[in-house]
$ cat upload19.txt   # compact mmCIF, C-alpha atoms and all ligand atoms
# COMPACT_ATOMS: atom_id res chain seq x y z
CA MET A 1 31.40 17.82 -9.17
CA SER A 2 28.45 18.64 -6.89
CA HIS A 3 26.63 15.76 -5.28
CA GLN A 4 24.38 17.86 -3.05
CA PRO A 5 20.95 16.28 -3.15
CA THR A 6 18.03 18.49 -4.13
CA ALA A 7 15.85 19.93 -1.38
CA ASN A 8 13.45 17.02 -1.03
CA SER A 9 15.69 14.16 -1.93
CA GLN A 10 17.15 13.50 1.49
CA ARG A 11 16.80 13.98 5.21
CA PRO A 12 18.99 16.84 6.34
CA THR A 13 21.12 14.83 8.76
CA ALA A 14 21.74 11.47 7.18
CA LYS A 15 24.12 9.11 8.94
CA ILE A 16 25.93 6.70 6.66
CA LEU A 17 27.97 3.60 7.29
CA VAL A 18 30.52 2.72 4.61
CA THR A 19 31.95 -0.78 4.95
CA GLY A 20 35.33 -1.10 3.25
CA GLY A 21 35.73 2.68 3.57
CA ALA A 22 39.51 2.38 3.98
CA GLY A 23 39.73 0.74 0.56
CA PHE A 24 39.97 2.27 -2.87
CA ILE A 25 36.34 2.90 -3.89
CA GLY A 26 35.13 3.23 -0.29
CA SER A 27 37.60 5.97 0.61
CA ASN A 28 36.75 7.95 -2.53
CA LEU A 29 33.08 7.68 -1.59
CA VAL A 30 33.77 8.72 2.02
CA GLU A 31 35.67 11.78 0.81
CA THR A 32 32.66 12.98 -1.18
CA LEU A 33 30.11 12.09 1.53
CA LEU A 34 32.06 14.14 4.10
CA GLU A 35 31.68 17.20 1.86
CA MET A 36 27.88 16.91 1.71
CA GLU A 37 26.09 19.32 4.06
CA SER A 38 23.10 17.02 4.36
CA ILE A 39 25.19 14.26 5.93
CA SER A 40 26.04 14.37 9.62
CA ILE A 41 28.06 11.18 10.17
CA VAL A 42 30.15 9.02 7.88
CA ARG A 43 31.21 5.91 9.73
CA VAL A 44 33.69 3.49 8.24
CA LEU A 45 33.85 -0.20 9.15
CA ASP A 46 36.99 -1.82 7.82
CA ASN A 47 39.43 -4.48 9.02
CA LEU A 48 42.26 -3.11 6.84
CA ALA A 49 42.67 -6.48 5.12
CA THR A 50 43.31 -4.79 1.77
CA GLY A 51 42.49 -1.18 2.73
CA HIS A 52 44.93 1.19 4.35
CA LEU A 53 44.92 3.78 7.12
CA ASN A 54 46.70 5.99 4.58
CA ASN A 55 43.47 6.12 2.60
CA ILE A 56 41.52 7.64 5.48
CA GLU A 57 44.28 9.59 7.18
CA SER A 58 43.12 12.93 5.83
CA PHE A 59 39.57 12.38 7.16
CA ARG A 60 40.45 11.22 10.64
CA GLN A 61 40.15 14.64 12.24
CA HIS A 62 36.96 15.49 10.36
CA PRO A 63 34.13 16.04 12.86
CA LYS A 64 31.71 13.89 10.85
CA PHE A 65 34.09 10.98 10.47
CA GLU A 66 34.15 7.82 12.57
CA PHE A 67 36.34 4.78 12.12
CA LEU A 68 35.37 1.40 13.45
CA GLU A 69 38.08 -1.14 12.93
CA GLY A 70 36.44 -4.51 12.64
CA ASP A 71 35.56 -7.48 10.54
CA ILE A 72 32.28 -8.00 8.70
CA ARG A 73 32.64 -11.74 9.40
CA ASP A 74 31.63 -10.89 12.98
CA PHE A 75 27.88 -10.30 13.23
CA ASP A 76 28.08 -8.30 16.49
CA THR A 77 30.57 -5.94 14.83
CA CYS A 78 28.16 -5.44 11.93
CA LYS A 79 25.30 -4.73 14.38
CA ARG A 80 27.41 -2.24 16.28
CA ALA A 81 28.46 -0.56 13.06
CA CYS A 82 24.82 -0.14 11.95
CA GLU A 83 23.69 1.38 15.27
CA GLY A 84 22.16 4.82 14.72
CA MET A 85 22.79 4.77 10.96
CA ASP A 86 20.24 5.67 8.26
CA PHE A 87 22.01 4.25 5.23
CA VAL A 88 24.63 1.62 4.51
CA SER A 89 27.06 1.54 1.63
CA HIS A 90 28.50 -1.97 1.62
CA GLN A 91 31.84 -1.96 -0.21
CA ALA A 92 33.86 -4.35 1.97
CA ALA A 93 34.99 -7.52 0.22
CA LEU A 94 38.05 -9.42 -0.90
CA SER A 95 37.93 -8.18 -4.43
CA SER A 96 40.37 -10.15 -6.53
CA VAL A 97 39.64 -13.01 -8.94
CA PRO A 98 43.12 -14.63 -8.58
CA ARG A 99 42.96 -14.35 -4.78
CA SER A 100 39.61 -16.15 -4.81
CA ILE A 101 41.06 -18.94 -6.96
CA LYS A 102 43.97 -19.35 -4.57
CA ASP A 103 41.90 -19.08 -1.39
CA PRO A 104 38.20 -19.57 -2.12
CA ILE A 105 37.35 -20.23 1.52
CA THR A 106 38.40 -16.82 2.84
CA THR A 107 36.83 -15.04 -0.13
CA ASN A 108 33.62 -16.94 0.55
CA GLU A 109 33.68 -16.17 4.27
CA VAL A 110 34.18 -12.44 3.72
CA ASN A 111 32.13 -11.84 0.58
CA ILE A 112 29.21 -14.14 1.33
CA GLY A 113 29.30 -14.63 5.12
CA GLY A 114 30.28 -11.01 5.75
CA THR A 115 27.73 -9.66 3.29
CA LEU A 116 24.96 -11.75 4.83
CA ASN A 117 25.97 -10.39 8.26
CA MET A 118 25.79 -6.84 6.95
CA PHE A 119 22.41 -7.38 5.28
CA LEU A 120 20.97 -8.88 8.45
CA ALA A 121 22.47 -6.20 10.70
CA ALA A 122 21.08 -3.51 8.38
CA LYS A 123 17.65 -5.11 8.49
CA GLU A 124 17.71 -5.32 12.31
CA ALA A 125 18.84 -1.69 12.58
CA ARG A 126 15.99 -0.65 10.24
CA ILE A 127 18.37 0.91 7.77
CA LYS A 128 16.48 2.83 5.08
CA LYS A 129 18.59 1.71 2.16
CA LEU A 130 21.63 -0.45 1.60
CA VAL A 131 23.65 0.09 -1.56
CA TYR A 132 26.17 -2.68 -2.17
CA ALA A 133 29.11 -3.30 -4.48
CA ALA A 134 28.19 -5.95 -7.01
CA SER A 135 30.45 -6.84 -9.92
CA SER A 136 30.66 -7.24 -13.69
CA SER A 137 32.19 -10.67 -12.95
CA THR A 138 28.58 -11.83 -12.53
CA TYR A 139 28.31 -11.86 -16.35
CA GLY A 140 30.73 -14.81 -16.30
CA ASP A 141 30.79 -16.78 -19.52
CA SER A 142 27.94 -14.91 -21.19
CA PRO A 143 29.23 -14.04 -24.71
CA TYR A 144 26.87 -11.12 -25.25
CA LEU A 145 28.09 -7.56 -25.55
CA PRO A 146 27.21 -5.04 -24.32
CA LYS A 147 26.31 -6.62 -20.99
CA ARG A 148 22.72 -6.03 -19.96
CA GLU A 149 21.69 -6.54 -16.37
CA ASP A 150 19.16 -9.27 -17.17
CA VAL A 151 21.46 -11.51 -19.25
CA THR A 152 24.16 -13.18 -17.17
CA GLY A 153 26.21 -16.33 -17.68
CA LYS A 154 27.88 -18.83 -15.40
CA PRO A 155 30.45 -17.43 -12.96
CA LEU A 156 34.09 -18.10 -13.91
CA SER A 157 35.69 -17.75 -10.47
CA PRO A 158 34.88 -18.16 -6.77
CA TYR A 159 34.90 -14.35 -6.55
CA ALA A 160 32.19 -14.15 -9.21
CA VAL A 161 30.15 -16.74 -7.30
CA THR A 162 30.33 -14.60 -4.15
CA LYS A 163 29.17 -11.50 -5.99
CA LEU A 164 26.29 -13.39 -7.57
CA VAL A 165 25.27 -14.78 -4.17
CA SER A 166 25.30 -11.24 -2.71
CA GLU A 167 22.79 -10.24 -5.38
CA LEU A 168 20.63 -13.27 -4.62
CA TYR A 169 20.65 -12.47 -0.89
CA ALA A 170 19.77 -8.83 -1.59
CA ASP A 171 16.86 -9.97 -3.71
CA VAL A 172 15.57 -12.38 -1.07
CA PHE A 173 15.98 -9.84 1.73
CA ALA A 174 14.12 -7.21 -0.27
CA ARG A 175 11.24 -9.65 -0.76
CA LEU A 176 11.12 -10.77 2.87
CA TYR A 177 12.01 -7.68 4.87
CA GLU A 178 11.52 -3.94 4.63
CA VAL A 179 14.96 -2.87 3.50
CA ASP A 180 15.65 -1.21 0.17
CA PHE A 181 18.64 -2.63 -1.67
CA ILE A 182 20.50 -1.39 -4.72
CA GLY A 183 23.36 -3.38 -6.26
CA LEU A 184 25.96 -1.62 -8.38
CA ARG A 185 27.80 -3.90 -10.78
CA TYR A 186 31.09 -2.07 -11.12
CA PHE A 187 33.13 -2.54 -14.28
CA ASN A 188 36.91 -2.12 -13.71
CA ILE A 189 36.94 1.00 -11.59
CA PHE A 190 40.21 2.93 -11.43
CA GLY A 191 41.58 6.13 -9.93
CA PRO A 192 43.35 7.61 -6.90
CA ARG A 193 44.10 5.31 -3.96
CA GLN A 194 43.75 2.06 -5.91
CA ASP A 195 46.52 -0.10 -4.49
CA PRO A 196 49.35 -0.79 -6.98
CA ASN A 197 51.15 -3.10 -4.55
CA GLY A 198 50.83 -6.79 -3.84
CA ALA A 199 50.10 -9.91 -5.84
CA TYR A 200 46.49 -8.96 -6.54
CA ALA A 201 46.86 -5.37 -7.77
CA ALA A 202 44.58 -4.35 -10.65
CA VAL A 203 45.91 -3.57 -14.11
CA ILE A 204 45.70 0.25 -14.16
CA PRO A 205 47.58 0.88 -10.89
CA LEU A 206 50.12 -1.75 -12.00
CA PHE A 207 50.64 0.12 -15.29
CA MET A 208 50.90 3.45 -13.44
CA LYS A 209 53.53 2.06 -11.10
CA ALA A 210 55.44 0.45 -13.97
CA VAL A 211 55.56 3.71 -15.93
CA LEU A 212 56.59 5.75 -12.89
CA GLU A 213 59.29 3.25 -11.95
CA ASN A 214 60.31 2.75 -15.58
CA THR A 215 59.94 -1.04 -15.39
CA PRO A 216 58.04 -2.92 -18.13
CA PRO A 217 54.62 -4.14 -16.96
CA THR A 218 53.41 -7.66 -17.65
CA ILE A 219 50.21 -7.99 -19.66
CA ASN A 220 48.39 -11.27 -19.12
CA GLY A 221 47.50 -12.54 -22.61
CA ASP A 222 48.13 -10.77 -25.92
CA GLY A 223 46.86 -7.36 -24.83
CA ASN A 224 43.68 -7.60 -26.84
CA HIS A 225 41.48 -8.34 -23.85
CA SER A 226 39.13 -5.43 -23.44
CA ARG A 227 37.43 -3.84 -20.47
CA ASP A 228 35.00 -1.04 -19.75
CA PHE A 229 37.39 0.98 -17.58
CA THR A 230 35.55 3.44 -15.35
CA TYR A 231 36.94 6.37 -13.41
CA VAL A 232 36.16 6.23 -9.70
CA GLU A 233 34.36 9.59 -9.64
CA ASN A 234 31.69 7.99 -11.82
CA ALA A 235 31.30 5.12 -9.35
CA VAL A 236 31.03 7.59 -6.46
CA GLN A 237 28.35 9.50 -8.32
CA ALA A 238 26.43 6.25 -8.90
CA ASN A 239 26.60 5.36 -5.20
CA ILE A 240 25.26 8.73 -4.14
CA LYS A 241 22.50 8.76 -6.72
CA ALA A 242 21.50 5.22 -5.76
CA MET A 243 21.57 6.01 -2.04
CA PHE A 244 19.40 9.11 -2.24
CA SER A 245 17.12 8.19 -5.10
CA LYS A 246 13.50 8.58 -4.06
CA ARG A 247 12.20 6.51 -6.96
CA LYS A 248 10.65 3.41 -5.45
CA GLU A 249 10.97 1.48 -8.71
CA ALA A 250 14.74 2.14 -8.72
CA SER A 251 15.18 0.06 -5.56
CA ASN A 252 15.78 -3.66 -5.34
CA GLU A 253 17.51 -3.69 -8.68
CA VAL A 254 21.09 -4.09 -9.89
CA TYR A 255 22.77 -1.62 -12.24
CA ASN A 256 25.82 -1.66 -14.47
CA ILE A 257 28.17 1.09 -13.37
CA ALA A 258 30.63 1.69 -16.16
CA ASN A 259 31.82 4.13 -18.73
CA GLY A 260 30.03 2.44 -21.63
CA GLU A 261 33.19 2.18 -23.77
CA GLN A 262 35.52 -0.70 -24.54
CA THR A 263 39.31 -0.33 -24.32
CA THR A 264 41.90 -3.06 -24.86
CA LEU A 265 44.83 -3.42 -22.48
CA LEU A 266 47.21 -2.40 -25.27
CA GLU A 267 45.18 0.73 -26.04
CA LEU A 268 45.16 1.53 -22.35
CA PHE A 269 48.91 1.13 -22.07
CA ASN A 270 49.47 3.27 -25.16
CA ILE A 271 47.40 6.14 -23.69
CA LEU A 272 49.43 5.90 -20.52
CA LYS A 273 52.70 5.91 -22.47
CA GLU A 274 51.56 9.07 -24.24
CA LEU A 275 50.58 10.76 -20.97
CA SER A 276 53.89 9.92 -19.35
CA ASN A 277 56.16 10.25 -22.39
CA SER A 278 57.32 6.72 -21.68
CA GLU A 279 59.05 4.44 -24.19
CA LEU A 280 58.38 1.26 -22.20
CA ALA A 281 57.24 -1.90 -23.97
CA PRO A 282 55.11 -4.40 -22.06
CA ILE A 283 56.02 -8.04 -21.46
CA PHE A 284 53.32 -10.52 -22.45
CA GLY A 285 52.54 -13.29 -19.96
CA PRO A 286 50.08 -16.19 -19.93
CA GLU A 287 46.35 -15.52 -19.73
CA ARG A 288 44.93 -15.70 -16.22
CA PRO A 289 42.36 -18.36 -15.43
CA GLY A 290 38.98 -16.92 -14.50
CA ASP A 291 39.44 -13.80 -16.66
CA VAL A 292 36.83 -12.94 -19.27
CA LYS A 293 38.10 -11.88 -22.70
CA HIS A 294 35.90 -8.86 -23.33
CA SER A 295 33.69 -6.65 -21.27
CA LEU A 296 31.47 -3.72 -22.13
CA ALA A 297 28.45 -2.46 -20.26
CA ASP A 298 25.08 -1.24 -21.38
CA ILE A 299 24.60 1.58 -18.87
CA SER A 300 21.15 2.71 -19.98
CA LYS A 301 19.39 1.21 -16.96
CA ALA A 302 21.48 3.22 -14.48
CA MET A 303 21.07 6.33 -16.63
CA ASN A 304 17.29 5.94 -16.84
CA TYR A 305 16.54 4.89 -13.25
CA LEU A 306 19.27 6.59 -11.23
CA GLY A 307 20.18 9.53 -13.46
CA TYR A 308 23.72 8.11 -13.61
CA GLU A 309 26.00 9.82 -16.09
CA PRO A 310 29.68 8.84 -16.44
CA LYS A 311 31.11 12.33 -16.67
CA VAL A 312 34.79 11.43 -16.63
CA LYS A 313 35.77 9.50 -19.74
CA ILE A 314 38.68 7.09 -19.99
CA ARG A 315 41.40 9.46 -21.20
CA GLU A 316 40.55 12.21 -18.72
CA GLY A 317 40.31 9.60 -15.96
CA LEU A 318 43.74 8.21 -16.84
CA GLU A 319 45.17 11.72 -16.82
CA LYS A 320 43.74 12.43 -13.38
CA ALA A 321 44.83 9.07 -12.00
CA PHE A 322 48.32 9.37 -13.44
CA GLN A 323 48.69 12.84 -11.96
CA TRP A 324 47.62 11.46 -8.58
CA TYR A 325 50.08 8.52 -8.67
CA LYS A 326 52.84 10.91 -9.72
CA GLU A 327 52.13 13.22 -6.81
CA ASN A 328 51.71 10.40 -4.30
CA GLN A 329 54.61 8.07 -4.96
CA THR A 330 55.76 8.18 -1.34
CA TYR A 331 52.22 7.56 -0.13
CA ILE A 332 52.02 4.47 -2.32
CA SER A 333 55.41 3.06 -1.38
CA THR A 334 54.77 3.49 2.36
CA GLN A 335 51.43 1.67 2.30
CA ALA A 336 52.95 -1.78 2.71
CA LEU A 337 55.13 -0.54 5.55
CA ARG A 338 52.30 1.13 7.46
CA LYS A 339 50.23 -1.98 7.15
CA THR A 340 52.94 -4.05 8.82
CA GLN A 341 53.23 -1.52 11.61
CA HIS A 342 49.50 -1.68 12.13
CA LYS A 343 49.40 -5.47 12.40
CA GLY A 344 48.30 -6.80 15.78
CA LEU A 345 45.92 -3.95 16.53
CA GLN A 346 42.79 -6.05 16.55
CA ASN A 347 40.52 -4.24 19.00
CA LEU A 348 37.54 -2.38 17.74
CA ARG A 349 37.90 1.30 18.14
CA LEU A 350 36.20 4.47 17.07
CA ASN A 351 39.02 6.83 16.19
CA ASN A 352 37.43 9.92 17.71
CA LYS A 353 36.91 8.16 20.98
CA THR A 354 40.28 6.60 21.71
N1 LIG B 1 37.68 -1.99 -8.14
C1 LIG B 1 36.90 -2.56 -9.06
O1 LIG B 1 37.13 -2.44 -10.26
C2 LIG B 1 35.71 -3.39 -8.65
C3 LIG B 1 34.97 -4.04 -9.65
C4 LIG B 1 33.86 -4.79 -9.28
C5 LIG B 1 33.49 -4.85 -7.95
N2 LIG B 1 34.23 -4.23 -7.00
C6 LIG B 1 33.80 -4.31 -5.60
O2 LIG B 1 33.84 -3.02 -5.03
C7 LIG B 1 34.14 -3.11 -3.65
C8 LIG B 1 35.33 -2.22 -3.31
O3 LIG B 1 36.44 -2.65 -4.07
P1 LIG B 1 37.83 -1.89 -4.08
O4 LIG B 1 38.35 -1.97 -5.44
O5 LIG B 1 37.68 -0.57 -3.43
O6 LIG B 1 38.71 -2.88 -3.19
P2 LIG B 1 39.60 -2.58 -1.90
O7 LIG B 1 40.29 -3.87 -1.60
O8 LIG B 1 40.44 -1.37 -2.09
O9 LIG B 1 38.51 -2.27 -0.79
C9 LIG B 1 37.85 -3.27 -0.05
C10 LIG B 1 37.86 -2.84 1.40
O10 LIG B 1 37.17 -3.84 2.17
C11 LIG B 1 37.92 -4.08 3.37
N3 LIG B 1 37.65 -5.43 3.85
C12 LIG B 1 38.02 -6.60 3.28
N4 LIG B 1 37.65 -7.63 4.05
C13 LIG B 1 36.99 -7.09 5.12
C14 LIG B 1 36.38 -7.66 6.27
N5 LIG B 1 36.37 -8.98 6.48
N6 LIG B 1 35.82 -6.83 7.17
C15 LIG B 1 35.86 -5.47 6.98
N7 LIG B 1 36.44 -4.89 5.91
C16 LIG B 1 37.00 -5.70 4.99
C17 LIG B 1 39.37 -3.93 2.93
O11 LIG B 1 40.25 -3.72 4.01
C18 LIG B 1 39.28 -2.75 1.99
O12 LIG B 1 39.44 -1.53 2.68
C19 LIG B 1 34.37 -4.59 -3.36
O13 LIG B 1 33.17 -5.13 -2.88
C20 LIG B 1 34.69 -5.15 -4.73
O14 LIG B 1 34.39 -6.54 -4.81
C21 LIG B 1 35.35 -3.50 -7.32
$ encode --input "upload19.txt" --output "structure tokens"
Amino acid sequence: MSHQPTANSQRPTAKILVTGGAGFIGSNLVETLLEMESISIVRVLDNLATGHLNNIESFRQHPKFEFLEGDIRDFDTCKRACEGMDFVSHQAALSSVPRSIKDPITTNEVNIGGTLNMFLAAKEARIKKLVYAASSSTYGDSPYLPKREDVTGKPLSPYAVTKLVSELYADVFARLYEVDFIGLRYFNIFGPRQDPNGAYAAVIPLFMKAVLENTPPTINGDGNHSRDFTYVENAVQANIKAMFSKRKEASNEVYNIANGEQTTLLELFNILKELSNSELAPIFGPERPGDVKHSLADISKAMNYLGYEPKVKIREGLEKAFQWYKENQTYISTQALRKTQHKGLQNLRLNNKT
């Protein structure tokens, strides 16, 4: 897929900061940004809380790539990360609903405190545009389907509160200061490098791991919960289109970034069984608090304003992701180990310069 901007859509030497670039979505975005001729620097700021050096290993020798290990909860780190940058893609967050229920304080500190730091640092550095990761969890208890950007409900988890507050801060900053913001409400993104390990792993990487290890996965609830599962390439495309859009009216808005199709967990698991020739049957567990029952996005706003088009549909996305997990089983199983080895390295460092 080509993401090269058209002749007038972008300065020829854009420098981009990606927070959370060692994570799942961030590292997929970084990979594509590094391929774009019109971009001269891709800097990652990440504290490796849930991201992994594994995810950025293949970029570390790339001449355009910089890695700043640091925490968005520290304002000076955010300022340093924004120095000399033109654009910011803010992906860093603690991104799990159950984690936020267990530890709302840390989720709040990172997702609200850290996001506010990044917004302020971007404003002070006169960043041209900041595109940030919002979330479908903002729809909360709203019963309406498909979800439209202007009809939200009450948040159902501390995580959802933090994502809503990020949107509110973006809105206020856009009104008060001269920074363009775009929020992308992701709906269940999946694909290569999504972490299948740990207590807070998402459902698709958990299913992939279960099938590859031939151990039955647990489905929370009866399997009829549905989601708008979206392949990561579509999310990357949305980020790039949002970042380089020249349409003034497209800025300071939030957009649903999804596939536009509803799939139940059971349907999802059945596709995966077919792809892997597996005979596994899932185990059904209790529903998780904070989870919504159904989710489906209306993506017309992103299509109309950003030219977003989800090119990879669910089945093709699952095929690609499954292929990746199959080919990278060692990579996945060593992630936890590498993370332990890395513990204790707290100093900020730019990889090319140490
Ligand atoms: N994956 C999805 O389906 C989904 C859905 C909705 C929203 N989002 C949002 O998209 C963004 C990326 O999510 P992801 O799925 O790639 O998760 P991820 O956990 O793989 O990536 C998040 C990255 O942020 C980094 N990070 C966390 N705390 C940090 C801190 N204090 N300072 C610096 N870096 C920090 C992590 O180390 C990690 O690399 C998040 O903002 C998340 O809330 C994701």
$ closest_atom_pairs --input "upload19.txt" --of "segment 218-263 of chain A" --to "segment 24-47 of chain A" --cutoff "8 Å" --atoms "only C-alpha atoms" --output "JSON lines"
{"residue": "A:Val232", "atom": "CA", "partner": "A:Ile25", "partner_atom": "CA", "distance": 6.7}
{"residue": "A:Glu233", "atom": "CA", "partner": "A:Asn28", "partner_atom": "CA", "distance": 7.7}
{"residue": "A:Ala235", "atom": "CA", "partner": "A:Ile25", "partner_atom": "CA", "distance": 7.8}
{"residue": "A:Val236", "atom": "CA", "partner": "A:Leu29", "partner_atom": "CA", "distance": 5.3}
{"residue": "A:Asn239", "atom": "CA", "partner": "A:Leu29", "partner_atom": "CA", "distance": 7.8}
$ closest_atom_pairs --input "upload19.txt" --of "chain A" --to "ligand LIG 1 (chain B)" --cutoff "7 Å" --atoms "only C-alpha atoms and all ligand atoms" --output "Markdown table"
| residue | atom | partner | partner_atom | distance |
| --- | --- | --- | --- | --- |
| A:Thr19 | CA | B:LIG1 | N7 | 6.2 |
| A:Gly20 | CA | B:LIG1 | O10 | 3.5 |
| A:Gly21 | CA | B:LIG1 | O12 | 5.7 |
| A:Ala22 | CA | B:LIG1 | O12 | 4.1 |
| A:Gly23 | CA | B:LIG1 | O12 | 3.1 |
| A:Phe24 | CA | B:LIG1 | O5 | 3.7 |
| A:Ile25 | CA | B:LIG1 | O5 | 3.7 |
| A:Gly26 | CA | B:LIG1 | O5 | 5.5 |
| A:Leu45 | CA | B:LIG1 | C15 | 6.0 |
| A:Asp46 | CA | B:LIG1 | N7 | 3.7 |
| A:Asn47 | CA | B:LIG1 | C15 | 4.2 |
| A:Leu48 | CA | B:LIG1 | O11 | 3.5 |
| A:Ala49 | CA | B:LIG1 | O11 | 3.8 |
| A:Thr50 | CA | B:LIG1 | O11 | 3.9 |
| A:Gly51 | CA | B:LIG1 | O12 | 3.1 |
| A:His52 | CA | B:LIG1 | O12 | 6.4 |
| A:Gly70 | CA | B:LIG1 | C15 | 5.8 |
| A:Asp71 | CA | B:LIG1 | N6 | 3.4 |
| A:Ile72 | CA | B:LIG1 | N6 | 4.0 |
| A:Arg73 | CA | B:LIG1 | N5 | 5.5 |
| A:Gln91 | CA | B:LIG1 | C7 | 4.3 |
| A:Ala92 | CA | B:LIG1 | O10 | 3.4 |
| A:Ala93 | CA | B:LIG1 | O13 | 4.3 |
| A:Leu94 | CA | B:LIG1 | C12 | 5.0 |
| A:Ser95 | CA | B:LIG1 | O14 | 3.9 |
| A:Val110 | CA | B:LIG1 | N5 | 4.9 |
| A:Gly114 | CA | B:LIG1 | N5 | 6.5 |
| A:Ala133 | CA | B:LIG1 | O13 | 4.7 |
| A:Ala134 | CA | B:LIG1 | C5 | 5.5 |
| A:Ser135 | CA | B:LIG1 | C4 | 4.0 |
| A:Ser136 | CA | B:LIG1 | C4 | 6.0 |
| A:Arg185 | CA | B:LIG1 | C4 | 6.3 |
| A:Tyr186 | CA | B:LIG1 | C4 | 4.3 |
| A:Phe187 | CA | B:LIG1 | C3 | 5.2 |
| A:Asn188 | CA | B:LIG1 | O1 | 3.5 |
| A:Ile189 | CA | B:LIG1 | O1 | 3.7 |
| A:Phe190 | CA | B:LIG1 | O1 | 6.3 |
| A:Gln194 | CA | B:LIG1 | O8 | 6.1 |
| A:Asp195 | CA | B:LIG1 | O8 | 6.7 |
$ residues_around --input "upload19.txt" --residues "segment 330-334 of chain A" --least-positions-apart "6" --cutoff "12 Å" --atoms "all atoms listed in the file" --output "MDAnalysis selection string"
chainID A and resid 52:55 57 192:198 205:206 208:209 212:213 324 340:341
$ residues_near_point --input "upload19.txt" --point "(32.1, -2.9, -19.1)" --cutoff "6 Å" --atoms "all atoms listed in the file" --output "PDB file with C-alpha atoms, in the coordinates of the input"
ATOM      1  CA  PHE A 187      33.130  -2.540 -14.280  1.00  0.00           C
ATOM      2  CA  ARG A 227      37.430  -3.840 -20.470  1.00  0.00           C
ATOM      3  CA  ASP A 228      35.000  -1.040 -19.750  1.00  0.00           C
ATOM      4  CA  ALA A 258      30.630   1.690 -16.160  1.00  0.00           C
ATOM      5  CA  SER A 295      33.690  -6.650 -21.270  1.00  0.00           C
ATOM      6  CA  LEU A 296      31.470  -3.720 -22.130  1.00  0.00           C
ATOM      7  CA  ALA A 297      28.450  -2.460 -20.260  1.00  0.00           C
TER       8      ALA A 297
END
$ atom_distance --input "upload19.txt" --atom1 "atom CA of Ala122 of chain A" --atom2 "atom CA of Cys82 of chain A"
6.2 Å
$ closest_residue --input "upload19.txt" --among "A:Ser58, A:Glu319, A:Lys246, A:Tyr255" --to "Met303 of chain A" --atoms "only C-alpha atoms"
A:Tyr255
$ atom_distance --input "upload19.txt" --atom1 "atom CA of Thr215 of chain A" --atom2 "atom CA of Ser276 of chain A"
13.1 Å
$ residues_around --input "upload19.txt" --residues "Pro143 of chain A" --least-positions-apart "3" --cutoff "12 Å" --atoms "all atoms listed in the file" --output "PyMOL selection string"
chain A and resi 139-140+146-148+151-154+292-296
$ closest_residue --input "upload19.txt" --among "A:Tyr231, A:Tyr144, A:Phe322, A:Phe119" --to "Phe181 of chain A" --atoms "all atoms listed in the file"
A:Phe119
$ atom_distance --input "upload19.txt" --atom1 "atom CA of Thr218 of chain A" --atom2 "atom CA of Ile283 of chain A"
4.6 Å
$ closest_residue --input "upload19.txt" --among "A:Val97, A:Leu17, A:Leu184, A:Ala125" --to "Ala250 of chain A" --atoms "only C-alpha atoms"
A:Leu184
$ closest_residue --input "upload19.txt" --among "A:Asn277, A:Asn252, A:Ser245, A:Thr138" --to "Gly307 of chain A" --atoms "only C-alpha atoms"
A:Ser245
$ closest_residue --input "upload19.txt" --among "A:Glu124, A:Pro282, A:Gly290, A:Ala321" --to "Ser137 of chain A" --atoms "only C-alpha atoms"
A:Gly290
$ residues_around --input "upload19.txt" --residues "Asn214 of chain A" --least-positions-apart "4" --cutoff "8 Å" --atoms "only C-alpha atoms" --output "PyMOL selection string"
chain A and resi 210+278+280
$ closest_residue --input "upload19.txt" --among "A:Phe75, A:Phe87, A:Tyr132, A:Phe269" --to "Asn117 of chain A" --atoms "all atoms listed in the file"
A:Phe75
$ residues_around --input "upload19.txt" --residues "Arg288 of chain A" --least-positions-apart "5" --cutoff "8 Å" --atoms "all atoms listed in the file" --output "list in words"
Pro98, Asn220 and Gly221 of chain A
